[in-house]
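Reproduced below: coords33.csv, with CSV, C-alpha atoms.
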chain,number,residue,atom,x,y,z
A,765,MET,CA,2.5,57.1,-41.8
A,766,THR,CA,2.1,55.3,-38.4
A,767,ASP,CA,1.0,51.7,-37.9
A,768,THR,CA,-2.2,51.8,-35.9
A,769,LYS,CA,-1.8,48.1,-34.9
A,770,ALA,CA,1.7,48.5,-33.5
A,771,PHE,CA,0.7,49.1,-29.9
A,772,SER,CA,-2.4,46.9,-29.8
A,773,PHE,CA,-0.6,43.6,-30.6
A,774,GLY,CA,-1.7,41.0,-28.1
A,775,ALA,CA,-4.4,43.1,-26.6
A,776,GLN,CA,-7.0,40.4,-27.4
A,777,GLU,CA,-5.0,37.7,-25.6
A,778,ARG,CA,-5.7,36.8,-22.0
A,779,SER,CA,-3.4,38.1,-19.3
A,780,TRP,CA,-1.5,35.9,-16.9
A,781,TRP,CA,-3.9,36.9,-14.1
A,782,ASP,CA,-6.9,36.0,-16.3
A,783,MET,CA,-5.5,32.6,-17.0
A,784,THR,CA,-4.5,32.0,-13.3
A,785,LEU,CA,-7.9,33.0,-11.9
A,786,ASP,CA,-9.9,31.2,-14.5
A,787,PRO,CA,-12.0,28.5,-12.7
A,788,ALA,CA,-11.5,25.9,-15.4
A,789,VAL,CA,-7.7,26.3,-15.2
A,790,GLN,CA,-7.8,26.1,-11.4
A,791,GLU,CA,-9.9,23.0,-11.6
A,792,GLN,CA,-7.3,21.4,-14.0
A,793,ARG,CA,-4.5,22.3,-11.7
A,794,ARG,CA,-6.4,20.9,-8.7
A,795,ALA,CA,-7.1,17.7,-10.5
A,796,LEU,CA,-3.4,17.3,-11.5
A,797,ALA,CA,-2.3,17.9,-7.9
A,798,GLU,CA,-4.8,15.3,-6.6
A,799,GLU,CA,-3.6,12.8,-9.1
A,800,LYS,CA,0.0,13.5,-8.2
A,801,ALA,CA,-0.7,13.1,-4.5
A,802,ARG,CA,-2.6,9.8,-5.2
A,803,MET,CA,0.3,8.4,-7.2
A,804,VAL,CA,2.8,9.4,-4.5
A,805,ALA,CA,0.7,7.8,-1.8
A,806,GLN,CA,0.3,4.6,-3.9
A,807,LEU,CA,4.1,4.5,-4.5
A,808,ALA,CA,4.8,5.0,-0.8
A,809,GLU,CA,2.4,2.2,0.1
A,810,GLU,CA,4.0,-0.2,-2.4
A,811,GLN,CA,7.4,0.7,-1.1
A,812,ARG,CA,6.2,0.1,2.5
A,813,LEU,CA,4.8,-3.3,1.6
A,814,GLN,CA,8.0,-4.2,-0.2
A,815,GLU,CA,10.1,-3.3,2.9
A,816,LEU,CA,7.7,-5.4,5.0
A,817,THR,CA,8.2,-8.4,2.8
A,818,GLN,CA,12.0,-7.9,2.6
A,819,TYR,CA,12.4,-7.4,6.3
A,820,ALA,CA,9.6,-9.2,8.1
A,821,GLY,CA,8.5,-11.7,5.4
A,822,PRO,CA,11.5,-14.0,5.7
A,823,GLY,CA,11.2,-13.9,9.5
A,824,LEU,CA,7.6,-15.1,9.3
A,825,VAL,CA,8.6,-17.8,6.8
A,826,ASN,CA,11.3,-18.9,9.2
A,827,ILE,CA,8.9,-19.2,12.1
A,828,ILE,CA,6.5,-21.3,10.0
A,829,LYS,CA,9.5,-23.5,8.9
A,830,THR,CA,10.5,-24.0,12.5
A,831,TYR,CA,7.0,-25.4,13.2
A,832,ALA,CA,7.2,-27.6,10.1
A,833,VAL,CA,10.7,-29.0,11.1
A,834,GLN,CA,9.4,-29.9,14.5
A,835,ASN,CA,6.4,-31.6,12.9
A,836,ILE,CA,4.0,-29.3,14.8
A,837,PRO,CA,1.1,-27.6,13.0
A,838,ALA,CA,1.7,-23.9,12.6
A,839,VAL,CA,-1.5,-22.6,14.3
A,840,THR,CA,-1.9,-18.9,13.4
A,841,PRO,CA,-2.3,-17.4,17.0
A,842,GLU,CA,0.9,-19.2,18.1
A,843,VAL,CA,2.8,-18.1,15.0
A,844,GLN,CA,1.5,-14.6,15.5
A,845,HIS,CA,2.7,-14.6,19.1
A,846,ASP,CA,6.2,-15.7,18.0
A,847,PHE,CA,6.2,-13.2,15.2
A,848,ASN,CA,5.2,-10.3,17.6
A,849,GLU,CA,8.0,-11.3,19.9
A,850,SER,CA,10.5,-11.3,17.1
A,851,PHE,CA,9.3,-8.2,15.3
A,852,PRO,CA,7.7,-5.8,17.7
A,853,GLY,CA,5.8,-2.9,16.1
A,854,VAL,CA,5.3,-4.8,12.8
A,855,SER,CA,1.7,-5.8,11.9
A,856,PHE,CA,1.5,-9.6,11.6
A,857,ARG,CA,-1.7,-9.5,9.5
A,858,GLU,CA,-0.2,-7.1,6.9
A,859,VAL,CA,2.9,-9.3,6.5
A,860,LEU,CA,0.7,-12.4,6.3
A,861,GLU,CA,-1.6,-10.8,3.7
A,862,VAL,CA,1.4,-9.8,1.5
A,863,LEU,CA,2.9,-13.3,1.7
A,864,LYS,CA,-0.5,-14.8,0.9
A,865,ARG,CA,-0.9,-12.5,-2.1
A,866,GLU,CA,2.6,-13.4,-3.3
A,867,GLY,CA,1.8,-17.1,-3.0
A,868,ILE,CA,4.4,-18.0,-0.4
A,869,VAL,CA,2.1,-18.8,2.5
A,870,HIS,CA,-1.4,-20.4,2.6
A,871,GLU,CA,-3.7,-20.0,5.5
A,872,LEU,CA,-5.9,-23.1,5.9
A,873,THR,CA,-9.0,-23.1,8.2
A,874,SER,CA,-9.5,-26.5,10.0
A,875,SER,CA,-12.7,-28.4,9.4
A,876,THR,CA,-13.1,-29.3,13.0
A,877,GLN,CA,-14.8,-27.0,15.5
A,878,GLY,CA,-13.0,-26.1,18.7
A,879,PHE,CA,-14.3,-24.5,21.9
A,880,MET,CA,-17.7,-22.8,21.3
A,881,GLY,CA,-17.6,-23.5,17.6
A,882,ALA,CA,-14.3,-21.6,16.9
A,883,ARG,CA,-12.2,-22.9,14.0
A,884,THR,CA,-8.5,-22.8,14.1
A,885,THR,CA,-6.3,-21.7,11.2
A,886,HIS,CA,-3.0,-23.2,10.2
A,887,LEU,CA,-0.2,-21.6,8.1
A,888,HIS,CA,1.5,-23.6,5.4
A,889,LEU,CA,4.4,-22.8,3.0
A,890,LEU,CA,3.8,-23.3,-0.6
Write the structure described by the file as structure tokens, please.
Amino acid sequence: MTDTKAFSFGAQERSWWDMTLDPAVQEQRRALAEEKARMVAQLAEEQRLQELTQYAGPGLVNIIKTYAVQNIPAVTPEVQHDFNESFPGVSFREVLEVLKREGIVHELTSSTQGFMGARTTHLHLL
């Protein structure tokens, strides 16, 4: 007697191609790939900001300290000029924002108005 089910085992299961071409499976894979790309980009951004603070952050702090030692207010445009001379190609604003977020530097806007109502900002170490 022969077994009639011997050669039909797994016939009701989906083939590899059916699984691969299924739109729901493709959408899942696409979502996983997008999530992975987002996480890699976020990690790269965090690493870049960490490198900025390790490399250029202490330089900016030293420039502000130089002004403080000389008893001169650290006016932001002047500090930015000195920073750009010391670290060409590095964004002053990015480094400043990272240091402000970490609580190392505070940017204070003056209460007096200058030329045409412009207000100056000073940098202070905390």
Between A:His870, A:Gln818, A:Val859, A:Asp846, which has the minimum distance to Tyr831 of chain A (counting only C-alpha atoms)? A:Asp846
With all atoms listed in the file as the counted atoms, please give the residues lying no more than 10 Å from Val862 of chain A, apart from itself and same-chain residues fewer than 6 positions off, as an MDAnalysis selection string. chainID A and resid 813:814 816:817 821 868:869
Nearest residue to Ser874 of chain A out of A:Gln790, A:Thr840, A:Gln811, A:Asn826, using all atoms listed in the file? A:Thr840
Can you work out the spacing between atom CA of Val804 of chain A and atom CA of Pro852 of chain A in Å, to one decimal?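 Computing the Euclidean distance for atom CA of Val804 of chain A and atom CA of Pro852 of chain A yields 27.3 Å.
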Atom CA of His886 of chain A and atom CA of Pro841 of chain A, how far apart in Å? 9.0 Å
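Computed from the coordinates, the atom CA of His888 of chain A to atom CA of Gly867 of chain A distance equals 10.6 Å.
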Please report as a tab-separated table every residue of segment 791-822 of chain A lying within 12 Å of segment 775-784 of chain A, along with the nearest atom pair and their distance in Å (one decimal), using only C-alpha atoms.
residue	atom	partner	partner_atom	distance
A:Glu791	CA	A:Thr784	CA	10.6
A:Gln792	CA	A:Thr784	CA	11.0
A:Arg793	CA	A:Thr784	CA	9.8
Nearest-residue call for Thr885 of chain A, choices A:Pro837, A:Leu807, A:Leu863, A:Gly853, using only C-alpha atoms: A:Pro837
Using only C-alpha atoms, the best pick from A:Arg883, A:Val839, A:Glu871, A:Glu858 as closest to Glu809 of chain A would be A:Glu858
From A:Glu866, A:Gly823, A:Lys829, A:Gln834, residue lying nearest Glu849 of chain A [only C-alpha atoms]: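 Closest residue, counting only C-alpha atoms: A:Gly823.
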Determine the nearest neighbour of Ala838 of chain A from the options A:Leu889, A:Met803, A:Leu860, A:Ala788, counting all atoms listed in the file.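 Using all atoms listed in the file, the shortest distance to Ala838 of chain A belongs to A:Leu889.
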How would segment 827-838 of chain A look with all heavy atoms restored, written as a PDB file, keeping the file's coordinate frame?
ATOM      1  N   ILE A 827       9.684 -18.690  10.925  1.00  0.00           N
ATOM      2  CA  ILE A 827       8.900 -19.200  12.100  1.00  0.00           C
ATOM      3  C   ILE A 827       8.009 -20.330  11.634  1.00  0.00           C
ATOM      4  O   ILE A 827       7.906 -21.339  12.340  1.00  0.00           O
ATOM      5  CB  ILE A 827       8.045 -17.998  12.642  1.00  0.00           C
ATOM      6  CG1 ILE A 827       8.953 -16.959  13.291  1.00  0.00           C
ATOM      7  CG2 ILE A 827       7.021 -18.512  13.645  1.00  0.00           C
ATOM      8  CD1 ILE A 827       8.253 -15.678  13.702  1.00  0.00           C
ATOM      9  N   ILE A 828       7.385 -20.219  10.464  1.00  0.00           N
ATOM     10  CA  ILE A 828       6.500 -21.300  10.000  1.00  0.00           C
ATOM     11  C   ILE A 828       7.399 -22.541   9.683  1.00  0.00           C
ATOM     12  O   ILE A 828       6.998 -23.677   9.979  1.00  0.00           O
ATOM     13  CB  ILE A 828       5.756 -20.867   8.722  1.00  0.00           C
ATOM     14  CG1 ILE A 828       4.787 -19.735   9.094  1.00  0.00           C
ATOM     15  CG2 ILE A 828       4.979 -22.028   8.122  1.00  0.00           C
ATOM     16  CD1 ILE A 828       4.136 -19.066   7.911  1.00  0.00           C
ATOM     17  N   LYS A 829       8.600 -22.347   9.131  1.00  0.00           N
ATOM     18  CA  LYS A 829       9.500 -23.500   8.900  1.00  0.00           C
ATOM     19  C   LYS A 829       9.913 -24.162  10.174  1.00  0.00           C
ATOM     20  O   LYS A 829      10.053 -25.386  10.211  1.00  0.00           O
ATOM     21  CB  LYS A 829      10.768 -22.988   8.148  1.00  0.00           C
ATOM     22  CG  LYS A 829      10.588 -22.771   6.677  1.00  0.00           C
ATOM     23  CD  LYS A 829      11.907 -22.349   6.048  1.00  0.00           C
ATOM     24  CE  LYS A 829      11.741 -22.060   4.579  1.00  0.00           C
ATOM     25  NZ  LYS A 829      12.998 -21.580   3.961  1.00  0.00           N
ATOM     26  N   THR A 830      10.090 -23.390  11.223  1.00  0.00           N
ATOM     27  CA  THR A 830      10.500 -24.000  12.500  1.00  0.00           C
ATOM     28  C   THR A 830       9.375 -24.922  13.005  1.00  0.00           C
ATOM     29  O   THR A 830       9.682 -26.016  13.493  1.00  0.00           O
ATOM     30  CB  THR A 830      10.655 -22.840  13.563  1.00  0.00           C
ATOM     31  OG1 THR A 830      11.626 -21.930  13.071  1.00  0.00           O
ATOM     32  CG2 THR A 830      11.102 -23.390  14.894  1.00  0.00           C
ATOM     33  N   TYR A 831       8.134 -24.520  12.847  1.00  0.00           N
ATOM     34  CA  TYR A 831       7.000 -25.400  13.200  1.00  0.00           C
ATOM     35  C   TYR A 831       7.013 -26.654  12.333  1.00  0.00           C
ATOM     36  O   TYR A 831       6.773 -27.756  12.808  1.00  0.00           O
ATOM     37  CB  TYR A 831       5.680 -24.680  13.125  1.00  0.00           C
ATOM     38  CG  TYR A 831       5.390 -23.790  14.312  1.00  0.00           C
ATOM     39  CD1 TYR A 831       5.681 -22.433  14.267  1.00  0.00           C
ATOM     40  CD2 TYR A 831       4.825 -24.299  15.467  1.00  0.00           C
ATOM     41  CE1 TYR A 831       5.413 -21.603  15.337  1.00  0.00           C
ATOM     42  CE2 TYR A 831       4.549 -23.488  16.550  1.00  0.00           C
ATOM     43  CZ  TYR A 831       4.857 -22.139  16.477  1.00  0.00           C
ATOM     44  OH  TYR A 831       4.583 -21.335  17.556  1.00  0.00           O
ATOM     45  N   ALA A 832       7.265 -26.484  11.041  1.00  0.00           N
ATOM     46  CA  ALA A 832       7.200 -27.600  10.100  1.00  0.00           C
ATOM     47  C   ALA A 832       8.365 -28.600  10.417  1.00  0.00           C
ATOM     48  O   ALA A 832       8.170 -29.816  10.346  1.00  0.00           O
ATOM     49  CB  ALA A 832       7.338 -27.122   8.680  1.00  0.00           C
ATOM     50  N   VAL A 833       9.541 -28.090  10.761  1.00  0.00           N
ATOM     51  CA  VAL A 833      10.700 -29.000  11.100  1.00  0.00           C
ATOM     52  C   VAL A 833      10.382 -29.786  12.324  1.00  0.00           C
ATOM     53  O   VAL A 833      10.743 -30.961  12.412  1.00  0.00           O
ATOM     54  CB  VAL A 833      11.966 -28.127  11.247  1.00  0.00           C
ATOM     55  CG1 VAL A 833      13.068 -28.929  11.889  1.00  0.00           C
ATOM     56  CG2 VAL A 833      12.410 -27.581   9.904  1.00  0.00           C
ATOM     57  N   GLN A 834       9.713 -29.183  13.278  1.00  0.00           N
ATOM     58  CA  GLN A 834       9.400 -29.900  14.500  1.00  0.00           C
ATOM     59  C   GLN A 834       8.146 -30.770  14.360  1.00  0.00           C
ATOM     60  O   GLN A 834       7.723 -31.419  15.312  1.00  0.00           O
ATOM     61  CB  GLN A 834       9.131 -28.876  15.642  1.00  0.00           C
ATOM     62  CG  GLN A 834      10.347 -28.070  16.002  1.00  0.00           C
ATOM     63  CD  GLN A 834      10.020 -26.972  17.002  1.00  0.00           C
ATOM     64  OE1 GLN A 834       8.879 -26.821  17.447  1.00  0.00           O
ATOM     65  NE2 GLN A 834      11.025 -26.197  17.358  1.00  0.00           N
ATOM     66  N   ASN A 835       7.550 -30.772  13.172  1.00  0.00           N
ATOM     67  CA  ASN A 835       6.400 -31.600  12.900  1.00  0.00           C
ATOM     68  C   ASN A 835       5.175 -31.146  13.759  1.00  0.00           C
ATOM     69  O   ASN A 835       4.367 -31.975  14.177  1.00  0.00           O
ATOM     70  CB  ASN A 835       6.643 -33.062  13.025  1.00  0.00           C
ATOM     71  CG  ASN A 835       6.097 -33.838  11.863  1.00  0.00           C
ATOM     72  OD1 ASN A 835       5.594 -33.264  10.911  1.00  0.00           O
ATOM     73  ND2 ASN A 835       6.201 -35.148  11.946  1.00  0.00           N
ATOM     74  N   ILE A 836       5.084 -29.848  14.025  1.00  0.00           N
ATOM     75  CA  ILE A 836       4.000 -29.300  14.800  1.00  0.00           C
ATOM     76  C   ILE A 836       3.184 -28.398  13.866  1.00  0.00           C
ATOM     77  O   ILE A 836       3.754 -27.651  13.068  1.00  0.00           O
ATOM     78  CB  ILE A 836       4.541 -28.399  15.968  1.00  0.00           C
ATOM     79  CG1 ILE A 836       5.433 -29.235  16.887  1.00  0.00           C
ATOM     80  CG2 ILE A 836       3.419 -27.745  16.751  1.00  0.00           C
ATOM     81  CD1 ILE A 836       6.161 -28.410  17.920  1.00  0.00           C
ATOM     82  N   PRO A 837       1.852 -28.472  13.912  1.00  0.00           N
ATOM     83  CA  PRO A 837       1.100 -27.600  13.000  1.00  0.00           C
ATOM     84  C   PRO A 837       1.295 -26.119  13.417  1.00  0.00           C
ATOM     85  O   PRO A 837       1.335 -25.776  14.597  1.00  0.00           O
ATOM     86  CB  PRO A 837      -0.380 -28.011  13.274  1.00  0.00           C
ATOM     87  CG  PRO A 837      -0.373 -28.819  14.512  1.00  0.00           C
ATOM     88  CD  PRO A 837       1.007 -29.347  14.721  1.00  0.00           C
ATOM     89  N   ALA A 838       1.453 -25.287  12.416  1.00  0.00           N
ATOM     90  CA  ALA A 838       1.700 -23.900  12.600  1.00  0.00           C
ATOM     91  C   ALA A 838       0.339 -23.155  12.809  1.00  0.00           C
ATOM     92  O   ALA A 838      -0.227 -22.603  11.874  1.00  0.00           O
ATOM     93  CB  ALA A 838       2.452 -23.262  11.466  1.00  0.00           C
TER      94      ALA A 838
END
